Each structure stands twice: as structure tokens, then as C-alpha cells.
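*Asks:* Here you go, this is protein10.csv (CSV, N, CA and C atoms).
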chain,number,residue,atom,x,y,z
N,1,MET,N,-38.8,-58.4,14.2
N,1,MET,CA,-38.3,-57.2,13.5
N,1,MET,C,-37.3,-56.4,14.5
N,2,LYS,N,-36.2,-56.1,14.0
N,2,LYS,CA,-35.2,-55.3,14.7
N,2,LYS,C,-35.6,-53.9,14.8
N,3,THR,N,-35.3,-53.3,16.0
N,3,THR,CA,-35.5,-51.8,16.1
N,3,THR,C,-34.1,-51.3,16.4
N,4,TYR,N,-33.8,-50.1,15.9
N,4,TYR,CA,-32.5,-49.5,16.0
N,4,TYR,C,-32.5,-48.2,16.9
N,5,GLU,N,-31.4,-48.0,17.5
N,5,GLU,CA,-31.2,-46.8,18.3
N,5,GLU,C,-31.2,-45.5,17.4
N,6,LYS,N,-31.6,-44.4,18.0
N,6,LYS,CA,-31.5,-43.1,17.3
N,6,LYS,C,-30.3,-42.4,18.0
N,7,CYS,N,-29.7,-41.5,17.2
N,7,CYS,CA,-28.6,-40.7,17.8
N,7,CYS,C,-29.2,-39.7,18.7
N,8,VAL,N,-28.6,-39.5,19.9
N,8,VAL,CA,-29.1,-38.6,20.9
N,8,VAL,C,-28.8,-37.1,20.5
N,9,ILE,N,-28.0,-36.9,19.5
N,9,ILE,CA,-27.6,-35.6,19.1
N,9,ILE,C,-28.5,-35.1,17.9
N,10,CYS,N,-28.5,-35.9,16.9
N,10,CYS,CA,-29.2,-35.5,15.6
N,10,CYS,C,-30.5,-36.2,15.4
N,11,GLY,N,-30.8,-37.3,16.1
N,11,GLY,CA,-32.0,-38.0,16.0
N,11,GLY,C,-32.1,-39.0,14.8
N,12,LYS,N,-31.0,-39.1,14.0
N,12,LYS,CA,-31.0,-40.1,12.9
N,12,LYS,C,-30.9,-41.5,13.5
N,13,ASN,N,-31.5,-42.4,12.7
N,13,ASN,CA,-31.4,-43.9,13.1
N,13,ASN,C,-29.9,-44.3,13.0
N,14,THR,N,-29.5,-45.1,13.9
N,14,THR,CA,-28.1,-45.7,13.8
N,14,THR,C,-28.2,-47.1,13.4
N,15,SER,N,-27.1,-47.8,13.2
N,15,SER,CA,-27.1,-49.2,12.8
N,15,SER,C,-27.1,-50.1,14.0
N,16,VAL,N,-27.3,-49.5,15.2
N,16,VAL,CA,-27.2,-50.3,16.5
N,16,VAL,C,-28.6,-50.8,16.9
N,17,ASP,N,-28.7,-52.1,17.1
N,17,ASP,CA,-29.9,-52.8,17.5
N,17,ASP,C,-30.2,-52.3,19.0
N,18,LYS,N,-31.4,-52.0,19.3
N,18,LYS,CA,-31.7,-51.6,20.6
N,18,LYS,C,-31.5,-52.6,21.7
N,19,ASN,N,-31.4,-53.9,21.3
N,19,ASN,CA,-31.2,-55.0,22.2
N,19,ASN,C,-29.7,-55.3,22.4
N,20,LYS,N,-28.8,-54.6,21.7
N,20,LYS,CA,-27.4,-54.9,21.9
N,20,LYS,C,-26.9,-54.4,23.2
N,21,ILE,N,-26.1,-55.1,23.8
N,21,ILE,CA,-25.5,-54.8,25.1
N,21,ILE,C,-24.6,-53.5,25.0
N,22,ILE,N,-24.8,-52.6,25.9
N,22,ILE,CA,-24.1,-51.3,25.8
N,22,ILE,C,-22.6,-51.4,25.7
N,23,SER,N,-22.0,-52.3,26.4
N,23,SER,CA,-20.6,-52.5,26.4
N,23,SER,C,-20.1,-53.0,25.1
N,24,GLU,N,-20.9,-53.5,24.2
N,24,GLU,CA,-20.6,-54.0,22.9
N,24,GLU,C,-20.9,-53.0,21.8
N,25,ARG,N,-21.5,-51.9,22.1
N,25,ARG,CA,-21.9,-50.9,21.1
N,25,ARG,C,-20.8,-50.0,20.7
N,26,LYS,N,-20.8,-49.7,19.4
N,26,LYS,CA,-19.9,-48.7,18.8
N,26,LYS,C,-20.5,-47.3,19.0
N,27,HIS,N,-19.7,-46.4,19.4
N,27,HIS,CA,-20.2,-44.9,19.5
N,27,HIS,C,-21.2,-44.7,20.6
N,28,TYR,N,-21.1,-45.5,21.7
N,28,TYR,CA,-22.0,-45.3,22.8
N,28,TYR,C,-21.2,-44.5,23.9
N,29,ILE,N,-21.7,-43.4,24.4
N,29,ILE,CA,-21.1,-42.6,25.4
N,29,ILE,C,-21.9,-42.7,26.7
N,30,ILE,N,-21.3,-43.3,27.7
N,30,ILE,CA,-21.9,-43.4,29.0
N,30,ILE,C,-22.3,-42.0,29.5
N,31,GLY,N,-23.5,-41.9,30.0
N,31,GLY,CA,-24.0,-40.6,30.5
N,31,GLY,C,-24.6,-39.7,29.4
N,32,CYS,N,-24.5,-40.2,28.2
N,32,CYS,CA,-25.0,-39.4,27.1
N,32,CYS,C,-25.9,-40.3,26.2
N,33,GLY,N,-25.4,-41.4,25.7
N,33,GLY,CA,-26.3,-42.3,25.0
N,33,GLY,C,-25.6,-42.7,23.6
N,34,GLN,N,-26.4,-43.2,22.7
N,34,GLN,CA,-26.0,-43.6,21.4
N,34,GLN,C,-25.8,-42.5,20.4
N,35,LEU,N,-24.7,-42.5,19.7
N,35,LEU,CA,-24.4,-41.5,18.7
N,35,LEU,C,-24.3,-42.2,17.4
N,36,CYS,N,-24.6,-41.5,16.3
N,36,CYS,CA,-24.4,-42.0,14.9
N,36,CYS,C,-22.9,-41.8,14.6
N,37,ASP,N,-22.4,-42.4,13.5
N,37,ASP,CA,-21.0,-42.3,13.1
N,37,ASP,C,-20.6,-40.8,13.0
N,38,GLU,N,-21.4,-40.0,12.3
N,38,GLU,CA,-21.1,-38.6,12.0
N,38,GLU,C,-21.0,-37.8,13.3
N,39,CYS,N,-22.0,-37.9,14.2
N,39,CYS,CA,-21.9,-37.1,15.4
N,39,CYS,C,-20.8,-37.6,16.3
N,40,TYR,N,-20.5,-38.9,16.3
N,40,TYR,CA,-19.4,-39.4,17.2
N,40,TYR,C,-18.1,-38.8,16.7
N,41,LYS,N,-17.9,-38.7,15.4
N,41,LYS,CA,-16.7,-38.1,14.9
N,41,LYS,C,-16.5,-36.7,15.2
N,42,LYS,N,-17.6,-35.9,15.2
N,42,LYS,CA,-17.6,-34.5,15.6
N,42,LYS,C,-17.3,-34.3,17.0
N,43,VAL,N,-17.9,-35.2,17.9
N,43,VAL,CA,-17.6,-35.1,19.3
N,43,VAL,C,-16.2,-35.5,19.6
N,44,GLU,N,-15.8,-36.6,19.0
N,44,GLU,CA,-14.4,-37.0,19.1
N,44,GLU,C,-13.4,-36.0,18.7
N,45,ASN,N,-13.7,-35.2,17.7
N,45,ASN,CA,-12.8,-34.2,17.2
N,45,ASN,C,-13.1,-32.8,17.8
N,46,ASN,N,-14.0,-32.8,18.8
N,46,ASN,CA,-14.4,-31.6,19.5
N,46,ASN,C,-14.8,-30.4,18.6
N,47,ILE,N,-15.7,-30.8,17.7
N,47,ILE,CA,-16.2,-29.7,16.8
N,47,ILE,C,-17.4,-29.1,17.4
N,48,ASP,N,-17.5,-27.8,17.4
N,48,ASP,CA,-18.7,-27.1,18.0
N,48,ASP,C,-19.9,-27.2,17.1
N,49,TYR,N,-21.0,-27.7,17.6
N,49,TYR,CA,-22.2,-27.9,16.8
N,49,TYR,C,-22.8,-26.6,16.4
N,50,ASN,N,-22.5,-25.5,17.1
N,50,ASN,CA,-23.1,-24.3,16.8
N,50,ASN,C,-22.5,-23.7,15.5
N,51,ASP,N,-21.4,-24.2,15.1
N,51,ASP,CA,-20.7,-23.7,13.9
N,51,ASP,C,-21.1,-24.4,12.6
N,52,GLN,N,-22.1,-25.2,12.7
N,52,GLN,CA,-22.6,-26.0,11.5
N,52,GLN,C,-23.4,-25.1,10.6
Could I get this structure in the form of C-alpha cells?
*Replies:*
Amino acid sequence: MKTYEKCVICGKNTSVDKNKIISERKHYIIGCGQLCDECYKKVENNIDYNDQ
């Protein structure tokens, strides 16, 4: 059974298998961790999370 990473910002499950090599992951930020698509887009666009 596959287990999936959780987003380090919102805690939602991502589609990334925990056993996937970090260099091959989508939306992984070194020093931070795995992000979901939504949080990655917000970080990428520099959106302030306090304004949600």
C-alpha cells in the first residue's frame, strides 16, 4: 500500500508517494518540505497566508 506525503503548510495529502526520490518530486522545496499544488502556487506567487 502506498503512503503519500502531506503538505507542510496546510496538512492535506498530496499525490506524492513517500518513497519517491526528492529530486524527482513536484512541488518539493528544500529546507521546507513537500507542498500540495494549491500551497505551492501561493508560495510561488508570494501570496500572504494571513490574508486568506
*Asks:* Could you write out, as a list in words, all the residues of chain N that DSSP marks as strand (DSSP E)?
*Replies:*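 Residues of chain N classed as strand (DSSP E): Tyr4, Glu5, Lys6, Asn13, Thr14, Ser15, Val16, Asp17, Tyr28, Ile29, Gly33 and Gln34 of chain N.
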*Asks:* Report the distance between atom CA of Asn19 of chain N and atom C of Cys36 of chain N in Å, rounded to one decimal place.
*Replies:* 17.3 Å
*Asks:* I'd like the interatomic distance between atom N of Lys42 of chain N and atom N of Thr3 of chain N, to a tenth of an Å.
*Replies:* 24.8 Å
*Asks:* Could you please determine the separation between atom C of Gly31 of chain N and atom CA of Cys7 of chain N in Å, to one decimal place?
*Replies:*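 Those two atoms sit 12.3 Å apart.
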*Asks:* With 8 Å as the threshold, what does the neighbourhood of (-24.5, -35.1, 19.7) contain in terms of residues, counting only N, CA and C atoms? Coordinates are those of the file; answer as a list in words.
*Replies:*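 Collected hits near the coordinates: Cys7, Val8, Ile9, Cys10, Gly11, Gln34, Leu35, Cys36, Glu38, Cys39, Tyr40, Lys42 and Val43 of chain N.
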*Asks:* Of the candidates N:Asp37, N:Cys32, N:Asn46, N:Lys2, which shows the shortest atom-to-atom distance to Lys20 of chain N, using only C-alpha atoms?
*Replies:* N:Lys2
*Asks:* Would you please give, as a ChimeraX atom specification, all residues of chain N that DSSP assigns to helix (DSSP H, G or I) based on the backbone?
*Replies:* /N:22-24,37-44,49-51
*Asks:* Take the residues from that selection and write them out as a short mmCIF file (atom, residue, chain, number, x, y, z; two decimals), in the frame of the given file, keeping N, CA and C atoms.
*Replies:*
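Ended up saving to selection.cif:
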data_model
loop_
_atom_site.label_atom_id
_atom_site.label_comp_id
_atom_site.auth_asym_id
_atom_site.auth_seq_id
_atom_site.Cartn_x
_atom_site.Cartn_y
_atom_site.Cartn_z
N ILE N 22 -24.80 -52.60 25.90
CA ILE N 22 -24.10 -51.30 25.80
C ILE N 22 -22.60 -51.40 25.70
N SER N 23 -22.00 -52.30 26.40
CA SER N 23 -20.60 -52.50 26.40
C SER N 23 -20.10 -53.00 25.10
N GLU N 24 -20.90 -53.50 24.20
CA GLU N 24 -20.60 -54.00 22.90
C GLU N 24 -20.90 -53.00 21.80
N ASP N 37 -22.40 -42.40 13.50
CA ASP N 37 -21.00 -42.30 13.10
C ASP N 37 -20.60 -40.80 13.00
N GLU N 38 -21.40 -40.00 12.30
CA GLU N 38 -21.10 -38.60 12.00
C GLU N 38 -21.00 -37.80 13.30
N CYS N 39 -22.00 -37.90 14.20
CA CYS N 39 -21.90 -37.10 15.40
C CYS N 39 -20.80 -37.60 16.30
N TYR N 40 -20.50 -38.90 16.30
CA TYR N 40 -19.40 -39.40 17.20
C TYR N 40 -18.10 -38.80 16.70
N LYS N 41 -17.90 -38.70 15.40
CA LYS N 41 -16.70 -38.10 14.90
C LYS N 41 -16.50 -36.70 15.20
N LYS N 42 -17.60 -35.90 15.20
CA LYS N 42 -17.60 -34.50 15.60
C LYS N 42 -17.30 -34.30 17.00
N VAL N 43 -17.90 -35.20 17.90
CA VAL N 43 -17.60 -35.10 19.30
C VAL N 43 -16.20 -35.50 19.60
N GLU N 44 -15.80 -36.60 19.00
CA GLU N 44 -14.40 -37.00 19.10
C GLU N 44 -13.40 -36.00 18.70
N TYR N 49 -21.00 -27.70 17.60
CA TYR N 49 -22.20 -27.90 16.80
C TYR N 49 -22.80 -26.60 16.40
N ASN N 50 -22.50 -25.50 17.10
CA ASN N 50 -23.10 -24.30 16.80
C ASN N 50 -22.50 -23.70 15.50
N ASP N 51 -21.40 -24.20 15.10
CA ASP N 51 -20.70 -23.70 13.90
C ASP N 51 -21.10 -24.40 12.60
#
